[in-house]
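target33.cif, holding mmCIF, C-alpha atoms and all ligand atoms:
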data_structure
loop_
_atom_site.group_PDB
_atom_site.id
_atom_site.type_symbol
_atom_site.label_atom_id
_atom_site.label_comp_id
_atom_site.auth_asym_id
_atom_site.auth_seq_id
_atom_site.Cartn_x
_atom_site.Cartn_y
_atom_site.Cartn_z
ATOM 1 C CA MET M 1 21.259 -24.466 102.333
ATOM 2 C CA ARG M 2 19.713 -26.184 99.323
ATOM 3 C CA GLY M 3 17.359 -24.307 96.982
ATOM 4 C CA ILE M 4 14.641 -26.365 95.314
ATOM 5 C CA PHE M 5 13.250 -24.392 92.357
ATOM 6 C CA TYR M 6 10.019 -25.540 90.749
ATOM 7 C CA PHE M 7 7.485 -24.680 88.084
ATOM 8 C CA SER M 8 4.073 -26.321 88.369
ATOM 9 C CA ALA M 9 0.561 -25.794 87.075
ATOM 10 C CA THR M 10 -1.241 -28.896 88.315
ATOM 11 C CA GLY M 11 0.860 -29.808 91.332
ATOM 12 C CA ASN M 12 3.025 -32.704 90.115
ATOM 13 C CA SER M 13 6.266 -30.739 90.185
ATOM 14 C CA LEU M 14 5.373 -29.211 93.540
ATOM 15 C CA TYR M 15 4.763 -32.711 94.863
ATOM 16 C CA VAL M 16 8.180 -33.847 93.616
ATOM 17 C CA ALA M 17 9.817 -30.727 95.107
ATOM 18 C CA GLN M 18 8.159 -31.253 98.479
ATOM 19 C CA ARG M 19 9.071 -34.908 98.625
ATOM 20 C CA LEU M 20 12.697 -34.122 97.775
ATOM 21 C CA ARG M 21 12.697 -31.437 100.461
ATOM 22 C CA ASN M 22 11.305 -33.867 103.043
ATOM 23 C CA THR M 23 14.344 -36.091 102.522
ATOM 24 C CA LEU M 24 17.072 -33.617 101.638
ATOM 25 C CA GLY M 25 15.975 -30.402 103.357
ATOM 26 C CA GLY M 26 16.088 -26.988 101.741
ATOM 27 C CA ASP M 27 13.933 -24.050 100.720
ATOM 28 C CA ILE M 28 11.389 -24.249 97.905
ATOM 29 C CA ARG M 29 11.229 -21.401 95.385
ATOM 30 C CA TYR M 30 8.572 -20.856 92.680
ATOM 31 C CA ILE M 31 10.447 -20.043 89.479
ATOM 32 C CA PRO M 32 8.072 -17.437 87.923
ATOM 33 C CA THR M 33 8.375 -15.123 90.946
ATOM 34 C CA TYR M 34 12.072 -15.756 91.654
ATOM 35 C CA THR M 35 14.359 -12.868 90.701
ATOM 36 C CA GLY M 36 17.794 -13.935 92.004
ATOM 37 C CA ASP M 37 20.621 -15.999 90.511
ATOM 38 C CA GLY M 38 20.615 -18.823 93.064
ATOM 39 C CA SER M 39 23.878 -17.713 94.694
ATOM 40 C CA GLU M 40 22.261 -17.577 98.150
ATOM 41 C CA PHE M 41 22.158 -21.394 98.039
ATOM 42 C CA GLU M 42 24.950 -23.973 98.308
ATOM 43 C CA GLU M 43 23.199 -26.343 95.925
ATOM 44 C CA ILE M 44 20.255 -26.017 93.521
ATOM 45 C CA ILE M 45 17.686 -28.582 92.458
ATOM 46 C CA ILE M 46 15.376 -27.585 89.592
ATOM 47 C CA VAL M 47 12.096 -29.505 89.428
ATOM 48 C CA SER M 48 10.229 -29.088 86.160
ATOM 49 C CA PRO M 49 7.594 -30.725 84.008
ATOM 50 C CA ILE M 50 8.571 -31.661 80.459
ATOM 51 C CA TYR M 51 6.720 -29.574 77.866
ATOM 52 C CA SER M 52 6.776 -30.731 74.280
ATOM 53 C CA PHE M 53 9.960 -32.784 74.839
ATOM 54 C CA GLY M 54 11.622 -29.692 76.295
ATOM 55 C CA LEU M 55 11.140 -27.222 79.122
ATOM 56 C CA PRO M 56 8.443 -24.711 80.129
ATOM 57 C CA VAL M 57 9.354 -21.143 79.179
ATOM 58 C CA HIS M 58 10.030 -20.064 82.777
ATOM 59 C CA VAL M 59 12.430 -22.950 83.410
ATOM 60 C CA TYR M 60 14.214 -22.505 80.093
ATOM 61 C CA ASP M 61 14.660 -18.799 80.885
ATOM 62 C CA LEU M 62 15.925 -19.444 84.423
ATOM 63 C CA ILE M 63 18.886 -21.584 83.376
ATOM 64 C CA PRO M 64 21.060 -18.813 81.849
ATOM 65 C CA LYS M 65 20.394 -16.576 84.867
ATOM 66 C CA LEU M 66 21.741 -19.030 87.449
ATOM 67 C CA THR M 67 25.118 -18.691 89.098
ATOM 68 C CA LYS M 68 27.825 -20.888 87.636
ATOM 69 C CA SER M 69 29.454 -21.532 90.995
ATOM 70 C CA VAL M 70 26.814 -23.744 92.624
ATOM 71 C CA PRO M 71 26.127 -27.431 91.827
ATOM 72 C CA VAL M 72 22.829 -27.932 89.980
ATOM 73 C CA TRP M 73 20.609 -30.992 89.719
ATOM 74 C CA VAL M 74 17.493 -31.192 87.550
ATOM 75 C CA VAL M 75 14.521 -33.467 88.189
ATOM 76 C CA LEU M 76 12.146 -33.616 85.217
ATOM 77 C CA ASN M 77 8.679 -35.106 85.423
ATOM 78 C CA TYR M 78 6.542 -36.065 82.496
ATOM 79 C CA GLY M 79 3.319 -37.796 81.529
ATOM 80 C CA GLY M 80 4.482 -40.475 79.134
ATOM 81 C CA MET M 81 7.121 -39.513 76.584
ATOM 82 C CA SER M 82 10.241 -37.695 77.699
ATOM 83 C CA GLY M 83 11.557 -37.445 74.125
ATOM 84 C CA GLY M 84 15.167 -36.929 75.205
ATOM 85 C CA ALA M 85 14.324 -33.836 77.282
ATOM 86 C CA ASP M 86 16.890 -35.026 79.830
ATOM 87 C CA ALA M 87 19.727 -34.980 77.275
ATOM 88 C CA PHE M 88 18.503 -31.669 75.895
ATOM 89 C CA THR M 89 18.388 -30.091 79.374
ATOM 90 C CA TYR M 90 21.814 -31.432 80.268
ATOM 91 C CA ARG M 91 23.313 -29.912 77.143
ATOM 92 C CA LEU M 92 21.543 -26.602 77.734
ATOM 93 C CA CYS M 93 22.942 -26.399 81.276
ATOM 94 C CA LYS M 94 26.443 -27.265 80.016
ATOM 95 C CA GLU M 95 26.242 -24.635 77.273
ATOM 96 C CA GLN M 96 25.299 -22.049 79.890
ATOM 97 C CA GLY M 97 28.319 -23.013 81.964
ATOM 98 C CA LEU M 98 26.363 -24.372 84.942
ATOM 99 C CA ASP M 99 27.961 -26.867 87.308
ATOM 100 C CA ILE M 100 25.385 -29.447 86.273
ATOM 101 C CA ARG M 101 25.695 -32.715 88.200
ATOM 102 C CA GLY M 102 22.727 -34.752 87.058
ATOM 103 C CA ILE M 103 19.361 -34.921 85.324
ATOM 104 C CA TYR M 104 16.724 -37.334 86.574
ATOM 105 C CA LEU M 105 13.350 -38.371 85.181
ATOM 106 C CA VAL M 106 10.214 -39.328 87.061
ATOM 107 C CA LYS M 107 6.891 -40.241 85.546
ATOM 108 C CA MET M 108 3.819 -38.439 86.893
ATOM 109 C CA PRO M 109 0.203 -38.248 85.679
ATOM 110 C CA GLU M 110 -0.238 -36.560 82.300
ATOM 111 C CA ASN M 111 -1.881 -33.117 82.358
ATOM 112 C CA TYR M 112 -1.817 -32.377 78.618
ATOM 113 C CA THR M 113 -5.292 -33.811 78.350
ATOM 114 C CA LEU M 114 -7.114 -31.276 76.194
ATOM 115 C CA VAL M 115 -8.133 -33.855 73.614
ATOM 116 C CA PHE M 116 -7.857 -37.201 75.387
ATOM 117 C CA SER M 117 -8.397 -38.576 78.879
ATOM 118 C CA VAL M 118 -6.121 -40.686 81.035
ATOM 119 C CA PRO M 119 -7.888 -43.699 82.569
ATOM 120 C CA GLU M 120 -8.299 -43.339 86.335
ATOM 121 C CA PHE M 121 -6.571 -46.645 87.112
ATOM 122 C CA TYR M 122 -3.507 -45.583 85.113
ATOM 123 C CA LYS M 123 -3.350 -42.210 86.848
ATOM 124 C CA ASN M 124 -3.581 -43.910 90.237
ATOM 125 C CA ALA M 125 -0.900 -46.453 89.365
ATOM 126 C CA THR M 126 1.419 -43.625 88.316
ATOM 127 C CA LEU M 127 0.752 -41.726 91.547
ATOM 128 C CA LYS M 128 1.462 -44.899 93.497
ATOM 129 C CA SER M 129 4.799 -45.586 91.862
ATOM 130 C CA ALA M 130 6.083 -41.996 92.046
ATOM 131 C CA PRO M 131 7.194 -41.807 95.715
ATOM 132 C CA LYS M 132 9.655 -44.690 95.324
ATOM 133 C CA ALA M 133 11.128 -43.143 92.177
ATOM 134 C CA ILE M 134 11.463 -39.721 93.840
ATOM 135 C CA ASP M 135 13.046 -41.192 96.974
ATOM 136 C CA LYS M 136 15.585 -43.012 94.804
ATOM 137 C CA ILE M 137 16.497 -39.731 93.123
ATOM 138 C CA ALA M 138 16.798 -38.042 96.536
ATOM 139 C CA ALA M 139 19.180 -40.774 97.676
ATOM 140 C CA GLN M 140 21.282 -40.361 94.532
ATOM 141 C CA ILE M 141 21.489 -36.589 95.007
ATOM 142 C CA ALA M 142 22.341 -37.024 98.707
ATOM 143 C CA ALA M 143 25.132 -39.432 97.747
ATOM 144 C CA GLY M 144 26.396 -37.011 95.077
ATOM 145 C CA GLU M 145 25.844 -39.640 92.400
ATOM 146 C CA GLY M 146 25.860 -37.800 89.099
ATOM 147 C CA CYS M 147 23.395 -38.844 86.444
ATOM 148 C CA ILE M 148 24.362 -37.821 82.946
ATOM 149 C CA PRO M 149 21.838 -38.760 80.234
ATOM 150 C CA LYS M 150 23.464 -41.096 77.754
ATOM 151 C CA ARG M 151 21.027 -40.752 74.904
ATOM 152 C CA LYS M 152 22.098 -38.734 71.911
ATOM 153 C CA LYS M 153 18.755 -38.308 70.159
ATOM 154 C CA THR M 154 16.363 -35.634 71.388
ATOM 155 C CA LYS M 155 13.188 -34.082 69.994
ATOM 156 C CA GLU M 156 14.678 -30.655 70.483
ATOM 157 C CA ALA M 157 13.834 -29.596 66.924
ATOM 158 C CA GLN M 158 10.159 -30.294 67.569
ATOM 159 C CA TYR M 159 10.310 -28.420 70.885
ATOM 160 C CA LEU M 160 11.897 -25.356 69.302
ATOM 161 C CA GLN M 161 9.328 -25.438 66.515
ATOM 162 C CA ASN M 162 6.355 -25.828 68.893
ATOM 163 C CA ARG M 163 7.329 -23.362 71.605
ATOM 164 C CA PRO M 164 6.765 -20.128 69.638
ATOM 165 C CA THR M 165 3.160 -21.216 69.030
ATOM 166 C CA TRP M 166 2.242 -21.906 72.662
ATOM 167 C CA HIS M 167 0.789 -18.434 73.260
ATOM 168 C CA LEU M 168 -1.767 -19.163 70.521
ATOM 169 C CA ILE M 169 -3.512 -21.920 72.463
ATOM 170 C CA VAL M 170 -5.843 -19.467 74.198
ATOM 171 C CA LYS M 171 -7.382 -18.651 70.825
ATOM 172 C CA ASP M 172 -8.985 -22.071 71.170
ATOM 173 C CA PHE M 173 -10.098 -21.541 74.778
ATOM 174 C CA THR M 174 -13.682 -20.535 75.387
ATOM 175 C CA VAL M 175 -15.322 -19.761 78.709
ATOM 176 C CA SER M 176 -18.733 -21.287 79.218
ATOM 177 C CA GLY M 177 -21.756 -19.781 80.953
ATOM 178 C CA ASP M 178 -20.773 -21.810 84.050
ATOM 179 C CA CYS M 179 -18.121 -19.189 84.847
ATOM 180 C CA ILE M 180 -18.906 -17.488 88.153
ATOM 181 C CA ARG M 181 -16.286 -14.730 87.642
ATOM 182 C CA CYS M 182 -14.467 -15.840 90.802
ATOM 183 C CA GLY M 183 -11.141 -14.563 89.468
ATOM 184 C CA LYS M 184 -9.206 -17.701 90.380
ATOM 185 C CA CYS M 185 -7.807 -18.144 86.881
ATOM 186 C CA VAL M 186 -6.609 -14.520 86.944
ATOM 187 C CA GLY M 187 -4.679 -15.168 90.167
ATOM 188 C CA ILE M 188 -3.022 -18.458 89.225
ATOM 189 C CA CYS M 189 -1.815 -17.614 85.716
ATOM 190 C CA PRO M 190 2.001 -17.393 85.817
ATOM 191 C CA THR M 191 2.099 -14.714 83.115
ATOM 192 C CA GLU M 192 -0.801 -12.470 84.159
ATOM 193 C CA ASN M 193 -2.427 -13.412 80.892
ATOM 194 C CA ILE M 194 -6.011 -13.463 82.149
ATOM 195 C CA SER M 195 -8.273 -10.603 83.137
ATOM 196 C CA ILE M 196 -11.975 -10.085 83.694
ATOM 197 C CA VAL M 197 -13.325 -7.217 81.634
ATOM 198 C CA ASP M 198 -16.999 -6.226 81.746
ATOM 199 C CA GLY M 199 -17.761 -9.481 83.537
ATOM 200 C CA LYS M 200 -16.035 -11.624 80.902
ATOM 201 C CA VAL M 201 -12.835 -13.669 81.209
ATOM 202 C CA GLN M 202 -10.316 -12.534 78.621
ATOM 203 C CA PHE M 203 -6.985 -13.967 77.567
ATOM 204 C CA ALA M 204 -4.093 -11.849 76.284
ATOM 205 C CA ASP M 205 -1.190 -13.185 74.207
ATOM 206 C CA LYS M 206 1.345 -14.171 76.897
ATOM 207 C CA CYS M 207 0.149 -17.736 77.489
ATOM 208 C CA VAL M 208 2.892 -20.297 78.214
ATOM 209 C CA LEU M 209 0.493 -23.236 77.890
ATOM 210 C CA CYS M 210 0.749 -24.413 81.476
ATOM 211 C CA LEU M 211 -2.964 -25.360 81.496
ATOM 212 C CA GLY M 212 -3.340 -24.215 85.101
ATOM 213 C CA CYS M 213 -6.470 -22.188 84.299
ATOM 214 C CA TYR M 214 -7.985 -25.035 82.296
ATOM 215 C CA HIS M 215 -7.492 -27.668 85.002
ATOM 216 C CA ARG M 216 -8.107 -25.591 88.103
ATOM 217 C CA CYS M 217 -11.181 -23.529 87.232
ATOM 218 C CA PRO M 218 -13.686 -24.634 89.942
ATOM 219 C CA GLN M 219 -16.497 -24.599 87.370
ATOM 220 C CA LYS M 220 -14.599 -26.395 84.568
ATOM 221 C CA ALA M 221 -15.758 -23.395 82.575
ATOM 222 C CA ILE M 222 -12.607 -23.093 80.467
ATOM 223 C CA ARG M 223 -12.956 -25.345 77.451
ATOM 224 C CA TYR M 224 -10.676 -26.220 74.581
ATOM 225 C CA LYS M 225 -12.237 -25.982 71.119
ATOM 226 C CA GLU M 226 -15.701 -25.987 72.722
ATOM 227 C CA LYS M 227 -15.219 -29.608 73.844
ATOM 228 C CA ILE M 228 -17.398 -30.503 76.823
ATOM 229 C CA LYS M 229 -14.948 -32.647 78.726
ATOM 230 C CA SER M 230 -15.388 -33.257 82.415
ATOM 231 C CA ASP M 231 -11.976 -34.540 83.444
ATOM 232 C CA ARG M 232 -9.526 -32.080 84.933
ATOM 233 C CA TYR M 233 -6.303 -32.926 86.755
ATOM 234 C CA LEU M 234 -4.784 -31.734 89.998
ATOM 235 C CA ASN M 235 -2.203 -33.710 91.970
ATOM 236 C CA PRO M 236 -4.187 -35.013 94.977
ATOM 237 C CA ASN M 237 -1.163 -35.007 97.294
ATOM 238 C CA VAL M 238 -0.471 -31.263 97.396
ATOM 239 C CA ARG M 239 -2.421 -28.363 98.839
ATOM 240 C CA GLU M 240 -3.655 -26.493 95.802
ATOM 241 C CA ALA M 241 -3.085 -23.158 97.546
ATOM 242 C CA ASP M 242 0.644 -23.998 97.778
ATOM 243 C CA ILE M 243 1.087 -24.151 93.992
ATOM 244 C CA GLY M 244 2.910 -20.957 93.085
ATOM 245 C CA LYS M 245 4.284 -20.348 96.578
ATOM 246 C CA ASP M 246 7.758 -20.335 98.078
ATOM 247 C CA LEU M 247 7.708 -22.852 100.915
HETATM 248 C C1 LIG A 301 2.258 -27.803 77.254
HETATM 249 C C2 LIG A 301 2.526 -29.159 77.815
HETATM 250 C C3 LIG A 301 3.353 -30.022 77.119
HETATM 251 C C4 LIG A 301 3.637 -31.295 77.616
HETATM 252 N N1 LIG A 301 4.495 -32.080 76.936
HETATM 253 C C5 LIG A 301 4.802 -33.302 77.422
HETATM 254 C C6 LIG A 301 5.730 -34.133 76.717
HETATM 255 O O1 LIG A 301 6.338 -33.755 75.717
HETATM 256 N N2 LIG A 301 5.939 -35.373 77.210
HETATM 257 C C7 LIG A 301 5.302 -35.837 78.326
HETATM 258 O O2 LIG A 301 5.527 -36.981 78.693
HETATM 259 N N3 LIG A 301 4.453 -35.056 79.038
HETATM 260 C C8 LIG A 301 4.189 -33.794 78.618
HETATM 261 N N4 LIG A 301 3.328 -32.987 79.323
HETATM 262 C C9 LIG A 301 2.776 -33.472 80.616
HETATM 263 C C10 LIG A 301 3.500 -32.895 81.842
HETATM 264 O O3 LIG A 301 4.904 -32.916 81.669
HETATM 265 C C11 LIG A 301 3.199 -33.679 83.129
HETATM 266 O O4 LIG A 301 1.852 -33.977 83.284
HETATM 267 C C12 LIG A 301 3.721 -32.932 84.370
HETATM 268 O O5 LIG A 301 3.797 -33.826 85.429
HETATM 269 C C13 LIG A 301 2.878 -31.733 84.750
HETATM 270 O O6 LIG A 301 3.498 -31.073 85.852
HETATM 271 P P1 LIG A 301 2.758 -30.052 86.823
HETATM 272 O O7 LIG A 301 1.587 -30.780 87.447
HETATM 273 O O8 LIG A 301 3.789 -29.718 87.856
HETATM 274 O O9 LIG A 301 2.326 -28.880 86.029
HETATM 275 C C14 LIG A 301 3.048 -31.712 78.855
HETATM 276 C C15 LIG A 301 2.197 -30.840 79.542
HETATM 277 C C16 LIG A 301 1.936 -29.571 79.043
HETATM 278 C C17 LIG A 301 1.042 -28.637 79.809
HETATM 279 S S1 LIG A 302 -11.622 -19.647 87.430
HETATM 280 FE FE1 LIG A 302 -13.298 -20.346 86.137
HETATM 281 S S2 LIG A 302 -15.161 -19.629 87.173
HETATM 282 FE FE2 LIG A 302 -13.450 -18.458 88.025
HETATM 283 S S3 LIG A 302 -13.331 -16.605 86.731
HETATM 284 FE FE3 LIG A 302 -11.919 -18.088 85.825
HETATM 285 S S4 LIG A 302 -13.158 -19.149 84.256
HETATM 286 FE FE4 LIG A 302 -14.598 -18.090 85.622
HETATM 287 S S1 LIG A 303 -3.602 -18.472 80.216
HETATM 288 FE FE1 LIG A 303 -3.969 -20.396 81.310
HETATM 289 S S2 LIG A 303 -2.699 -21.902 80.195
HETATM 290 FE FE2 LIG A 303 -1.978 -19.850 79.595
HETATM 291 S S3 LIG A 303 -0.277 -19.399 80.997
HETATM 292 FE FE3 LIG A 303 -2.147 -18.543 81.920
HETATM 293 S S4 LIG A 303 -2.910 -20.147 83.310
HETATM 294 FE FE4 LIG A 303 -1.421 -21.093 81.914
#

Can you give me the file's structure in the form of structure tokens?
Amino acid sequence: MRGIFYFSATGNSLYVAQRLRNTLGGDIRYIPTYTGDGSEFEEIIIVSPIYSFGLPVHVYDLIPKLTKSVPVWVVLNYGGMSGGADAFTYRLCKEQGLDIRGIYLVKMPENYTLVFSVPEFYKNATLKSAPKAIDKIAAQIAAGEGCIPKRKKTKEAQYLQNRPTWHLIVKDFTVSGDCIRCGKCVGICPTENISIVDGKVQFADKCVLCLGCYHRCPQKAIRYKEKIKSDRYLNPNVREADIGKDL
């Protein structure tokens, strides 16, 4: 059995994981709630967004915990600039002694849109081109075709510098009067970083900058630096309720 491990805040990685599963078969596991070492599977595929030219905290932390005796493939998705995250991830897996067979890249709509917006036509074009790219990756994995990133340069230094500041982002989040205290943000946060105290949404200091709360609040009440920005992103081809589930 194949295990497809994913981390996702706005559905892109879940979409990639589900499409891979449709072709290759397997069980889907949500990384933040997974506690094993992957040894119950014969093969592992990790599906992850690229964060700051590197990996989200949960994905980075999973890699050293995985069994070394099972082949691993990684499928990274990103909004526009991969910054050598494929080469960085390959090296990380090697250093941890994993049986890493390949790292693949697929472009998906950008969700780091706190200060800019992605034009609708561009988002739609990206969504349109993704299935073909994912199916090609599935075929390569099915054929056992390894894919080793050739590039030498990565932006790893920038990633390692940025990552320790991610938890600070919530200092710039405010919650507008549109909040209806539905508790959705509390439930979807992968680090239990949000609570409602005395009727007010509060953030602690464990944020991993996934932006799930920002994009998925039904009221668009969570704002960055008080900016009144109406665009939020959620992959239209997944069921939102499935984000965060094992499937
Ligand atoms: C904190 C953060 C950092 C990001 N950094 C990058 C980046 O360095 N390069 C890039 O192309 N996209 C970057 N993105 C965009 C995501 O990789 C991309 O939109 C991804 O498909 C989101 O996956 P998800 O919907 O499964 O959460 C970043 C997103 C976030 C939230
Ligand atoms: S999801 Fe939005 S509306 Fe619901 S409690 Fe959180 S901030 Fe308020
Ligand atoms: S506070 Fe929001 S952005 Fe930070 S980890 Fe939780 S859901 Fe993600």

Sorted by chain and rising residue number, list the residues of chain M at most 12 Å from ligand LIG 303 (chain A) (counting only C-alpha atoms and all ligand atoms), each with its closest atom pair and distance in Å to one decimal, as JSON lines.
{"residue": "M:Phe7", "atom": "CA", "partner": "A:LIG303", "partner_atom": "FE4", "distance": 11.4}
{"residue": "M:Ser8", "atom": "CA", "partner": "A:LIG303", "partner_atom": "FE4", "distance": 10.0}
{"residue": "M:Ala9", "atom": "CA", "partner": "A:LIG303", "partner_atom": "FE4", "distance": 7.3}
{"residue": "M:Thr10", "atom": "CA", "partner": "A:LIG303", "partner_atom": "FE4", "distance": 10.1}
{"residue": "M:Pro32", "atom": "CA", "partner": "A:LIG303", "partner_atom": "S3", "distance": 11.0}
{"residue": "M:Pro56", "atom": "CA", "partner": "A:LIG303", "partner_atom": "S3", "distance": 10.2}
{"residue": "M:Val57", "atom": "CA", "partner": "A:LIG303", "partner_atom": "S3", "distance": 10.0}
{"residue": "M:His58", "atom": "CA", "partner": "A:LIG303", "partner_atom": "S3", "distance": 10.5}
{"residue": "M:Asn111", "atom": "CA", "partner": "A:LIG303", "partner_atom": "S2", "distance": 11.5}
{"residue": "M:Tyr112", "atom": "CA", "partner": "A:LIG303", "partner_atom": "S2", "distance": 10.6}
{"residue": "M:Leu114", "atom": "CA", "partner": "A:LIG303", "partner_atom": "S2", "distance": 11.1}
{"residue": "M:Thr165", "atom": "CA", "partner": "A:LIG303", "partner_atom": "FE2", "distance": 11.8}
{"residue": "M:Trp166", "atom": "CA", "partner": "A:LIG303", "partner_atom": "FE2", "distance": 8.4}
{"residue": "M:His167", "atom": "CA", "partner": "A:LIG303", "partner_atom": "FE2", "distance": 7.1}
{"residue": "M:Leu168", "atom": "CA", "partner": "A:LIG303", "partner_atom": "FE2", "distance": 9.1}
{"residue": "M:Ile169", "atom": "CA", "partner": "A:LIG303", "partner_atom": "FE2", "distance": 7.6}
{"residue": "M:Val170", "atom": "CA", "partner": "A:LIG303", "partner_atom": "S1", "distance": 6.5}
{"residue": "M:Lys171", "atom": "CA", "partner": "A:LIG303", "partner_atom": "S1", "distance": 10.1}
{"residue": "M:Asp172", "atom": "CA", "partner": "A:LIG303", "partner_atom": "S2", "distance": 11.0}
{"residue": "M:Phe173", "atom": "CA", "partner": "A:LIG303", "partner_atom": "S1", "distance": 9.0}
{"residue": "M:Thr174", "atom": "CA", "partner": "A:LIG303", "partner_atom": "S1", "distance": 11.4}
{"residue": "M:Val175", "atom": "CA", "partner": "A:LIG303", "partner_atom": "FE1", "distance": 11.7}
{"residue": "M:Gly183", "atom": "CA", "partner": "A:LIG303", "partner_atom": "S4", "distance": 11.7}
{"residue": "M:Lys184", "atom": "CA", "partner": "A:LIG303", "partner_atom": "S4", "distance": 9.8}
{"residue": "M:Cys185", "atom": "CA", "partner": "A:LIG303", "partner_atom": "S4", "distance": 6.4}
{"residue": "M:Val186", "atom": "CA", "partner": "A:LIG303", "partner_atom": "S4", "distance": 7.7}
{"residue": "M:Gly187", "atom": "CA", "partner": "A:LIG303", "partner_atom": "S4", "distance": 8.7}
{"residue": "M:Ile188", "atom": "CA", "partner": "A:LIG303", "partner_atom": "S4", "distance": 6.2}
{"residue": "M:Cys189", "atom": "CA", "partner": "A:LIG303", "partner_atom": "S4", "distance": 3.7}
{"residue": "M:Pro190", "atom": "CA", "partner": "A:LIG303", "partner_atom": "S3", "distance": 5.7}
{"residue": "M:Thr191", "atom": "CA", "partner": "A:LIG303", "partner_atom": "S3", "distance": 5.7}
{"residue": "M:Glu192", "atom": "CA", "partner": "A:LIG303", "partner_atom": "FE3", "distance": 6.6}
{"residue": "M:Asn193", "atom": "CA", "partner": "A:LIG303", "partner_atom": "S1", "distance": 5.2}
{"residue": "M:Ile194", "atom": "CA", "partner": "A:LIG303", "partner_atom": "S1", "distance": 5.9}
{"residue": "M:Ser195", "atom": "CA", "partner": "A:LIG303", "partner_atom": "S1", "distance": 9.6}
{"residue": "M:Val201", "atom": "CA", "partner": "A:LIG303", "partner_atom": "S1", "distance": 10.5}
{"residue": "M:Gln202", "atom": "CA", "partner": "A:LIG303", "partner_atom": "S1", "distance": 9.1}
{"residue": "M:Phe203", "atom": "CA", "partner": "A:LIG303", "partner_atom": "S1", "distance": 6.2}
{"residue": "M:Ala204", "atom": "CA", "partner": "A:LIG303", "partner_atom": "S1", "distance": 7.7}
{"residue": "M:Asp205", "atom": "CA", "partner": "A:LIG303", "partner_atom": "S1", "distance": 8.4}
{"residue": "M:Lys206", "atom": "CA", "partner": "A:LIG303", "partner_atom": "S3", "distance": 6.8}
{"residue": "M:Cys207", "atom": "CA", "partner": "A:LIG303", "partner_atom": "FE2", "distance": 3.7}
{"residue": "M:Val208", "atom": "CA", "partner": "A:LIG303", "partner_atom": "S3", "distance": 4.3}
{"residue": "M:Leu209", "atom": "CA", "partner": "A:LIG303", "partner_atom": "S2", "distance": 4.2}
{"residue": "M:Cys210", "atom": "CA", "partner": "A:LIG303", "partner_atom": "FE4", "distance": 4.0}
{"residue": "M:Leu211", "atom": "CA", "partner": "A:LIG303", "partner_atom": "S2", "distance": 3.7}
{"residue": "M:Gly212", "atom": "CA", "partner": "A:LIG303", "partner_atom": "S4", "distance": 4.5}
{"residue": "M:Cys213", "atom": "CA", "partner": "A:LIG303", "partner_atom": "S4", "distance": 4.2}
{"residue": "M:Tyr214", "atom": "CA", "partner": "A:LIG303", "partner_atom": "FE1", "distance": 6.2}
{"residue": "M:His215", "atom": "CA", "partner": "A:LIG303", "partner_atom": "FE1", "distance": 8.9}
{"residue": "M:Arg216", "atom": "CA", "partner": "A:LIG303", "partner_atom": "S4", "distance": 8.9}
{"residue": "M:Cys217", "atom": "CA", "partner": "A:LIG303", "partner_atom": "S4", "distance": 9.8}
{"residue": "M:Ile222", "atom": "CA", "partner": "A:LIG303", "partner_atom": "FE1", "distance": 9.1}
{"residue": "M:Arg223", "atom": "CA", "partner": "A:LIG303", "partner_atom": "FE1", "distance": 11.0}
{"residue": "M:Tyr224", "atom": "CA", "partner": "A:LIG303", "partner_atom": "S2", "distance": 10.7}
{"residue": "M:Gly244", "atom": "CA", "partner": "A:LIG303", "partner_atom": "S4", "distance": 11.4}

| message | List as a ChimeraX atom specification the protein and nucleic acid residues lying within 9 Å of ligand LIG 301 (chain A), with only C-alpha atoms and all ligand atoms counted. | response | /M:6-16,47-56,76-83,85,106-113,155,159,163,166,208-212,233-235,243

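Counting all atoms listed in the file, the residue from M:Pro218, M:Thr89, M:Gly25, M:Lys152 that sits nearest to ligand LIG 302 (chain A) is M:Pro218.
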
| task | Rank M:Ala142, M:Leu66, M:Cys93, M:Val74 by their smallest atom-to-atom distance to Ile4 (chain M), using only C-alpha atoms, and report the top residue only. | result |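 Nearest candidate to Ile4 (chain M) out of M:Ala142, M:Leu66, M:Cys93, M:Val74: M:Val74.
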
| query | At what distance in Å, to one decimal, does CA of Asn124 (chain M) lie from CA of Ser176 (chain M)? | reply | 29.4 Å

| field | Neighbour list for Asp178 (chain M) as a list in words, cut-off 8 Å, all atoms listed in the file, skip fewer than 5 positions in-chain | value | Gln219, Lys220 and Ala221 of chain M

| request: For CA of Ile134 (chain M) and CA of Asn22 (chain M), determine how far apart the two atoms are, in Å to one decimal place. | output: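 Computed distance, CA of Ile134 (chain M) to CA of Asn22 (chain M), equals 10.9 Å.
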
| task | Rounded to one decimal place, report the CA of Leu62 (chain M)-CA of Ile103 (chain M) distance in Å. | result |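 Spanning CA of Leu62 (chain M) to CA of Ile103 (chain M) is a straight-line distance of 15.9 Å.
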
| message | Here's a test: counting only C-alpha atoms, identify every protein, DNA and RNA residue with an atom at most 6 Å from (7.1, -22.6, 94.3) in the file's coordinate frame, and state them as a PyMOL selection string. | response | chain M and resi 6+28-30+244-246

Coordinates of box centre and edge lengths for ligand LIG 302 (chain A), 5 Å on every side, axis-aligned, as lines of an AutoDock Vina configuration file:
center_x = -13.4
center_y = -18.5
center_z = 86.1
size_x = 13.5
size_y = 13.7
size_z = 13.8

| task | I would like the residues chosen by the PyMOL selection byres (((chain M and resi 67-73) around 10) and not hetatm) on the shown file; could you give them as number ranges by chain? | result | M: 2-4, 36-47, 63-66, 74-76, 90, 93, 96-104, 141, 144, 146-147

| said: Measuring between all atoms listed in the file, which one of M:Leu247, M:Val197, M:Lys225, M:Thr33 shows the shortest distance to ligand LIG 302 (chain A)? | reply: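 Of M:Leu247, M:Val197, M:Lys225, M:Thr33, the one nearest ligand LIG 302 (chain A), counting all atoms listed in the file, is M:Val197.
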